[in-house]
file structure-v4.txt (compact mmCIF, N, CA and C atoms)
# COMPACT_ATOMS: atom_id res chain seq x y z
N MET A 253 0.82 -1.19 0.00
CA MET A 253 0.00 0.00 0.00
C MET A 253 0.87 1.25 0.00
N LYS A 254 2.01 1.20 0.69
CA LYS A 254 2.90 2.35 0.73
C LYS A 254 3.37 2.74 -0.65
N GLU A 255 3.59 1.72 -1.52
CA GLU A 255 4.03 2.01 -2.88
C GLU A 255 2.93 2.72 -3.66
N LEU A 256 1.68 2.32 -3.47
CA LEU A 256 0.56 2.97 -4.14
C LEU A 256 0.47 4.44 -3.72
N ILE A 257 0.57 4.69 -2.44
CA ILE A 257 0.52 6.06 -1.93
C ILE A 257 1.68 6.86 -2.51
N GLN A 258 2.87 6.27 -2.52
CA GLN A 258 4.05 6.96 -3.03
C GLN A 258 3.90 7.26 -4.51
N ASP A 259 3.29 6.35 -5.28
CA ASP A 259 3.05 6.60 -6.70
C ASP A 259 2.20 7.85 -6.90
N TYR A 260 1.17 8.01 -6.09
CA TYR A 260 0.31 9.20 -6.19
C TYR A 260 1.09 10.45 -5.81
N ILE A 261 1.87 10.36 -4.75
CA ILE A 261 2.67 11.51 -4.31
C ILE A 261 3.68 11.88 -5.40
N ASP A 262 4.33 10.86 -5.98
CA ASP A 262 5.31 11.11 -7.04
C ASP A 262 4.65 11.75 -8.27
N ALA A 263 3.36 11.47 -8.47
CA ALA A 263 2.62 12.04 -9.60
C ALA A 263 2.12 13.45 -9.29
N GLY A 264 2.46 13.96 -8.10
CA GLY A 264 2.10 15.33 -7.75
C GLY A 264 0.82 15.47 -6.96
N GLU A 265 0.26 14.37 -6.47
CA GLU A 265 -0.97 14.42 -5.67
C GLU A 265 -0.61 14.59 -4.19
N PRO A 266 -0.91 15.74 -3.63
CA PRO A 266 -0.62 15.96 -2.20
C PRO A 266 -1.68 15.31 -1.31
N LEU A 267 -1.51 14.04 -1.03
CA LEU A 267 -2.48 13.29 -0.22
C LEU A 267 -2.30 13.61 1.26
N LEU A 268 -3.41 13.72 1.98
CA LEU A 268 -3.35 13.93 3.43
C LEU A 268 -3.43 12.58 4.13
N LYS A 269 -2.49 12.35 5.05
CA LYS A 269 -2.47 11.10 5.80
C LYS A 269 -2.62 11.37 7.28
N MET A 270 -3.20 10.42 7.98
CA MET A 270 -3.27 10.48 9.43
C MET A 270 -1.97 9.87 9.97
N ASP A 271 -1.26 10.61 10.77
CA ASP A 271 0.00 10.12 11.33
C ASP A 271 -0.23 8.86 12.16
N GLY A 272 0.60 7.85 11.89
CA GLY A 272 0.57 6.63 12.68
C GLY A 272 -0.46 5.60 12.28
N PHE A 273 -1.18 5.83 11.18
CA PHE A 273 -2.23 4.90 10.78
C PHE A 273 -1.99 4.32 9.37
N ASP A 274 -0.74 4.27 8.93
CA ASP A 274 -0.44 3.74 7.60
C ASP A 274 -0.94 2.32 7.40
N ASP A 275 -0.89 1.50 8.44
CA ASP A 275 -1.33 0.11 8.32
C ASP A 275 -2.85 -0.02 8.21
N CYS A 276 -3.55 1.08 8.37
CA CYS A 276 -5.02 1.08 8.31
C CYS A 276 -5.55 1.58 6.97
N ILE A 277 -4.65 1.91 6.04
CA ILE A 277 -5.07 2.43 4.74
C ILE A 277 -5.70 1.31 3.92
N ALA A 278 -6.91 1.58 3.44
CA ALA A 278 -7.63 0.62 2.60
C ALA A 278 -7.33 0.86 1.12
N GLY A 279 -6.98 2.09 0.76
CA GLY A 279 -6.69 2.40 -0.64
C GLY A 279 -6.83 3.88 -0.92
N ILE A 280 -6.94 4.19 -2.19
CA ILE A 280 -7.11 5.56 -2.67
C ILE A 280 -8.49 5.65 -3.31
N VAL A 281 -9.20 6.73 -3.05
CA VAL A 281 -10.51 6.96 -3.65
C VAL A 281 -10.35 8.03 -4.72
N GLU A 282 -10.81 7.72 -5.93
CA GLU A 282 -10.83 8.69 -7.01
C GLU A 282 -12.28 9.04 -7.30
N ARG A 283 -12.53 10.34 -7.45
CA ARG A 283 -13.89 10.81 -7.70
C ARG A 283 -13.85 11.79 -8.86
N ILE A 284 -14.85 11.75 -9.71
CA ILE A 284 -14.89 12.63 -10.87
C ILE A 284 -14.89 14.09 -10.43
N GLY A 285 -14.00 14.85 -11.00
CA GLY A 285 -13.94 16.28 -10.72
C GLY A 285 -13.37 16.65 -9.38
N GLN A 286 -12.85 15.66 -8.64
CA GLN A 286 -12.27 15.95 -7.33
C GLN A 286 -10.92 15.26 -7.21
N ASP A 287 -10.12 15.74 -6.28
CA ASP A 287 -8.80 15.18 -6.06
C ASP A 287 -8.91 13.80 -5.40
N PRO A 288 -7.95 12.91 -5.68
CA PRO A 288 -7.92 11.62 -4.99
C PRO A 288 -7.68 11.82 -3.50
N ILE A 289 -8.22 10.91 -2.70
CA ILE A 289 -8.03 10.97 -1.25
C ILE A 289 -7.71 9.58 -0.72
N ILE A 290 -7.07 9.53 0.44
CA ILE A 290 -6.76 8.27 1.09
C ILE A 290 -8.01 7.78 1.82
N CYS A 291 -8.24 6.48 1.74
CA CYS A 291 -9.36 5.86 2.44
C CYS A 291 -8.80 4.90 3.48
N TYR A 292 -9.26 5.06 4.71
CA TYR A 292 -8.84 4.20 5.82
C TYR A 292 -9.94 3.20 6.14
N ASP A 293 -9.53 2.03 6.61
CA ASP A 293 -10.46 1.02 7.09
C ASP A 293 -10.83 1.38 8.53
N LYS A 294 -12.09 1.74 8.75
CA LYS A 294 -12.53 2.20 10.07
C LYS A 294 -12.26 1.17 11.16
N ALA A 295 -12.55 -0.10 10.88
CA ALA A 295 -12.34 -1.15 11.90
C ALA A 295 -10.87 -1.24 12.28
N LYS A 296 -9.97 -1.12 11.30
CA LYS A 296 -8.54 -1.18 11.60
C LYS A 296 -8.10 0.02 12.41
N VAL A 297 -8.65 1.20 12.11
CA VAL A 297 -8.32 2.40 12.87
C VAL A 297 -8.73 2.22 14.33
N LEU A 298 -9.96 1.76 14.54
CA LEU A 298 -10.43 1.54 15.92
C LEU A 298 -9.59 0.48 16.62
N ASP A 299 -9.31 -0.62 15.94
CA ASP A 299 -8.49 -1.69 16.53
C ASP A 299 -7.12 -1.17 16.92
N GLN A 300 -6.53 -0.35 16.07
CA GLN A 300 -5.19 0.16 16.38
C GLN A 300 -5.22 1.02 17.64
N MET A 301 -6.23 1.85 17.79
CA MET A 301 -6.31 2.69 18.99
C MET A 301 -6.53 1.84 20.24
N ILE A 302 -7.28 0.77 20.11
CA ILE A 302 -7.52 -0.12 21.25
C ILE A 302 -6.24 -0.83 21.65
N VAL A 303 -5.54 -1.39 20.67
CA VAL A 303 -4.33 -2.17 20.94
C VAL A 303 -3.15 -1.26 21.29
N SER A 304 -2.88 -0.27 20.45
CA SER A 304 -1.68 0.56 20.62
C SER A 304 -1.80 1.60 21.72
N ASP A 305 -3.01 2.17 21.87
CA ASP A 305 -3.18 3.26 22.82
C ASP A 305 -3.90 2.84 24.10
N GLY A 306 -4.31 1.57 24.16
CA GLY A 306 -4.95 1.07 25.36
C GLY A 306 -6.34 1.62 25.62
N MET A 307 -6.99 2.09 24.58
CA MET A 307 -8.34 2.63 24.73
C MET A 307 -9.36 1.49 24.79
N SER A 308 -10.47 1.76 25.46
CA SER A 308 -11.60 0.83 25.37
C SER A 308 -12.24 1.06 24.00
N TYR A 309 -13.13 0.15 23.61
CA TYR A 309 -13.83 0.32 22.33
C TYR A 309 -14.61 1.64 22.33
N GLU A 310 -15.27 1.94 23.42
CA GLU A 310 -16.07 3.16 23.52
C GLU A 310 -15.19 4.41 23.41
N GLU A 311 -14.02 4.38 24.07
CA GLU A 311 -13.09 5.51 23.99
C GLU A 311 -12.58 5.69 22.57
N ALA A 312 -12.27 4.58 21.91
CA ALA A 312 -11.77 4.64 20.53
C ALA A 312 -12.82 5.22 19.60
N VAL A 313 -14.08 4.79 19.76
CA VAL A 313 -15.16 5.32 18.93
C VAL A 313 -15.35 6.81 19.18
N GLU A 314 -15.33 7.22 20.42
CA GLU A 314 -15.49 8.64 20.75
C GLU A 314 -14.37 9.46 20.14
N TYR A 315 -13.12 8.99 20.28
CA TYR A 315 -11.98 9.69 19.71
C TYR A 315 -12.11 9.76 18.19
N PHE A 316 -12.45 8.64 17.58
CA PHE A 316 -12.62 8.56 16.12
C PHE A 316 -13.67 9.56 15.64
N GLU A 317 -14.81 9.57 16.29
CA GLU A 317 -15.91 10.44 15.85
C GLU A 317 -15.57 11.92 15.97
N TYR A 318 -14.83 12.28 16.97
CA TYR A 318 -14.50 13.70 17.17
C TYR A 318 -13.25 14.12 16.39
N ASN A 319 -12.19 13.30 16.46
CA ASN A 319 -10.89 13.73 15.95
C ASN A 319 -10.53 13.22 14.56
N GLN A 320 -11.18 12.19 14.09
CA GLN A 320 -10.81 11.64 12.80
C GLN A 320 -11.92 11.85 11.78
N ILE A 321 -13.02 11.15 11.91
CA ILE A 321 -14.10 11.38 10.95
C ILE A 321 -14.72 12.77 11.15
N GLY A 322 -14.59 13.30 12.35
CA GLY A 322 -15.14 14.61 12.65
C GLY A 322 -14.25 15.77 12.26
N ALA A 323 -13.08 15.49 11.73
CA ALA A 323 -12.14 16.55 11.36
C ALA A 323 -12.24 16.84 9.86
N TRP A 324 -12.54 18.05 9.50
CA TRP A 324 -12.53 18.46 8.10
C TRP A 324 -11.31 19.33 7.89
N VAL A 325 -10.41 18.89 7.01
CA VAL A 325 -9.19 19.66 6.75
C VAL A 325 -9.10 20.01 5.26
N GLY A 326 -10.24 20.17 4.63
CA GLY A 326 -10.28 20.56 3.23
C GLY A 326 -10.68 19.41 2.32
N ASP A 327 -10.63 19.70 1.03
CA ASP A 327 -11.09 18.74 0.02
C ASP A 327 -10.31 17.44 0.00
N ARG A 328 -9.14 17.43 0.58
CA ARG A 328 -8.32 16.22 0.60
C ARG A 328 -8.44 15.45 1.91
N THR A 329 -9.45 15.78 2.71
CA THR A 329 -9.69 15.08 3.96
C THR A 329 -9.90 13.59 3.67
N PRO A 330 -9.19 12.71 4.38
CA PRO A 330 -9.37 11.27 4.15
C PRO A 330 -10.80 10.82 4.44
N CYS A 331 -11.13 9.67 3.87
CA CYS A 331 -12.44 9.06 4.13
C CYS A 331 -12.23 7.71 4.82
N PHE A 332 -13.33 7.10 5.22
CA PHE A 332 -13.27 5.86 6.00
C PHE A 332 -14.21 4.82 5.39
N LEU A 333 -13.69 3.62 5.27
CA LEU A 333 -14.44 2.50 4.71
C LEU A 333 -15.03 1.67 5.85
N ILE A 334 -16.31 1.39 5.74
CA ILE A 334 -16.97 0.46 6.66
C ILE A 334 -17.20 -0.80 5.84
N ALA A 335 -16.35 -1.80 6.06
CA ALA A 335 -16.39 -3.03 5.26
C ALA A 335 -17.22 -4.07 5.98
N PRO A 336 -18.07 -4.78 5.25
CA PRO A 336 -18.84 -5.85 5.90
C PRO A 336 -17.92 -7.00 6.29
N GLU A 337 -18.26 -7.63 7.38
CA GLU A 337 -17.51 -8.81 7.79
C GLU A 337 -17.98 -9.99 6.95
N LEU A 338 -17.06 -10.72 6.42
CA LEU A 338 -17.42 -11.87 5.57
C LEU A 338 -17.35 -13.16 6.34
call {"tool": "encode", "arguments": {"input": "structure-v4.txt", "output": "structure tokens"}}
result
Amino acid sequence: MKELIQDYIDAGEPLLKMDGFDDCIAGIVERIGQDPIICYDKAKVLDQMIVSDGMSYEEAVEYFEYNQIGAWVGDRTPCFLIAPEL
């Protein structure tokens, strides 16, 4: 995944990343008429906060809702994938 991100950066796309969550990247989202953005796997983001930061599930969700999905930093703000469990 790091190579994919680097390919976009090398092509001149200034992608916004969340520090410390590279392993949670699900991919790149391309939209007509808009800049590409990084897409994170929401479950992986929550799991990482629980394991790495010692948060409870409820604390991780609260932090996520306020500081990650709740943060708008412009048109290149990352998005989050909610993937069904198979």
call {"tool": "atom_distance", "arguments": {"input": "structure-v4.txt", "atom1": "atom N of Tyr318 (chain A)", "atom2": "atom N of Phe332 (chain A)"}}
result
12.9 Å
call {"tool": "closest_residue", "arguments": {"input": "structure-v4.txt", "among": "A:Glu337, A:Asp274, A:Glu310, A:Asp262", "to": "Ile290 (chain A)", "atoms": "only C-alpha atoms"}}
result
A:Asp274
call {"tool": "atom_distance", "arguments": {"input": "structure-v4.txt", "atom1": "atom C of Val281 (chain A)", "atom2": "atom N of Ala323 (chain A)"}}
result
18.3 Å
call {"tool": "atom_distance", "arguments": {"input": "structure-v4.txt", "atom1": "CA of Leu298 (chain A)", "atom2": "CA of Tyr315 (chain A)"}}
result
9.1 Å
call {"tool": "build_atoms", "arguments": {"input": "structure-v4.txt", "residues": "region 278-289 of chain A", "atoms": "all heavy atoms", "output": "compact mmCIF listing (two decimals), keeping the file's coordinate frame"}}
result
# COMPACT_ATOMS: atom_id res chain seq x y z
N ALA A 278 -6.91 1.58 3.44
CA ALA A 278 -7.63 0.62 2.60
C ALA A 278 -7.33 0.86 1.12
O ALA A 278 -7.43 -0.06 0.31
CB ALA A 278 -9.13 0.72 2.85
N GLY A 279 -6.98 2.09 0.76
CA GLY A 279 -6.69 2.40 -0.64
C GLY A 279 -6.83 3.88 -0.92
O GLY A 279 -6.87 4.71 -0.01
N ILE A 280 -6.94 4.19 -2.19
CA ILE A 280 -7.11 5.56 -2.67
C ILE A 280 -8.49 5.65 -3.31
O ILE A 280 -8.89 4.76 -4.05
CB ILE A 280 -6.05 5.92 -3.74
CG1 ILE A 280 -4.64 5.75 -3.19
CG2 ILE A 280 -6.27 7.33 -4.28
CD1 ILE A 280 -4.21 6.78 -2.19
N VAL A 281 -9.20 6.73 -3.05
CA VAL A 281 -10.51 6.96 -3.65
C VAL A 281 -10.35 8.03 -4.72
O VAL A 281 -9.82 9.11 -4.45
CB VAL A 281 -11.54 7.41 -2.60
CG1 VAL A 281 -12.87 7.76 -3.25
CG2 VAL A 281 -11.73 6.32 -1.56
N GLU A 282 -10.81 7.72 -5.93
CA GLU A 282 -10.83 8.69 -7.01
C GLU A 282 -12.28 9.04 -7.30
O GLU A 282 -13.13 8.14 -7.37
CB GLU A 282 -10.18 8.11 -8.27
CG GLU A 282 -8.71 7.84 -8.11
CD GLU A 282 -8.06 7.31 -9.37
OE1 GLU A 282 -8.74 6.61 -10.15
OE2 GLU A 282 -6.89 7.58 -9.57
N ARG A 283 -12.53 10.34 -7.45
CA ARG A 283 -13.89 10.81 -7.70
C ARG A 283 -13.85 11.79 -8.86
O ARG A 283 -12.92 12.57 -8.99
CB ARG A 283 -14.44 11.51 -6.45
CG ARG A 283 -14.37 10.63 -5.21
CD ARG A 283 -14.56 11.43 -3.95
NE ARG A 283 -13.41 12.32 -3.76
CZ ARG A 283 -13.35 13.26 -2.83
NH1 ARG A 283 -14.35 13.46 -2.02
NH2 ARG A 283 -12.29 14.02 -2.72
N ILE A 284 -14.85 11.75 -9.71
CA ILE A 284 -14.89 12.63 -10.87
C ILE A 284 -14.89 14.09 -10.43
O ILE A 284 -15.64 14.48 -9.52
CB ILE A 284 -16.11 12.33 -11.77
CG1 ILE A 284 -16.04 13.11 -13.07
CG2 ILE A 284 -17.41 12.62 -11.06
CD1 ILE A 284 -15.06 12.58 -14.04
N GLY A 285 -14.00 14.85 -11.00
CA GLY A 285 -13.94 16.28 -10.72
C GLY A 285 -13.37 16.65 -9.38
O GLY A 285 -13.40 17.81 -8.99
N GLN A 286 -12.85 15.66 -8.64
CA GLN A 286 -12.27 15.95 -7.33
C GLN A 286 -10.92 15.26 -7.21
O GLN A 286 -10.62 14.32 -7.93
CB GLN A 286 -13.21 15.46 -6.23
CG GLN A 286 -14.55 16.17 -6.25
CD GLN A 286 -15.46 15.70 -5.14
OE1 GLN A 286 -15.01 15.22 -4.11
NE2 GLN A 286 -16.75 15.84 -5.35
N ASP A 287 -10.12 15.74 -6.28
CA ASP A 287 -8.80 15.18 -6.06
C ASP A 287 -8.91 13.80 -5.40
O ASP A 287 -9.83 13.55 -4.63
CB ASP A 287 -7.98 16.09 -5.16
CG ASP A 287 -7.73 17.45 -5.79
OD1 ASP A 287 -7.50 17.50 -7.01
OD2 ASP A 287 -7.76 18.45 -5.06
N PRO A 288 -7.95 12.91 -5.68
CA PRO A 288 -7.92 11.62 -4.99
C PRO A 288 -7.68 11.82 -3.50
O PRO A 288 -7.03 12.79 -3.09
CB PRO A 288 -6.73 10.88 -5.62
CG PRO A 288 -6.24 11.70 -6.73
CD PRO A 288 -6.86 13.05 -6.63
N ILE A 289 -8.22 10.91 -2.70
CA ILE A 289 -8.03 10.97 -1.25
C ILE A 289 -7.71 9.58 -0.72
O ILE A 289 -8.04 8.57 -1.35
CB ILE A 289 -9.25 11.55 -0.51
CG1 ILE A 289 -10.50 10.70 -0.79
CG2 ILE A 289 -9.48 13.00 -0.87
CD1 ILE A 289 -11.72 11.10 0.03
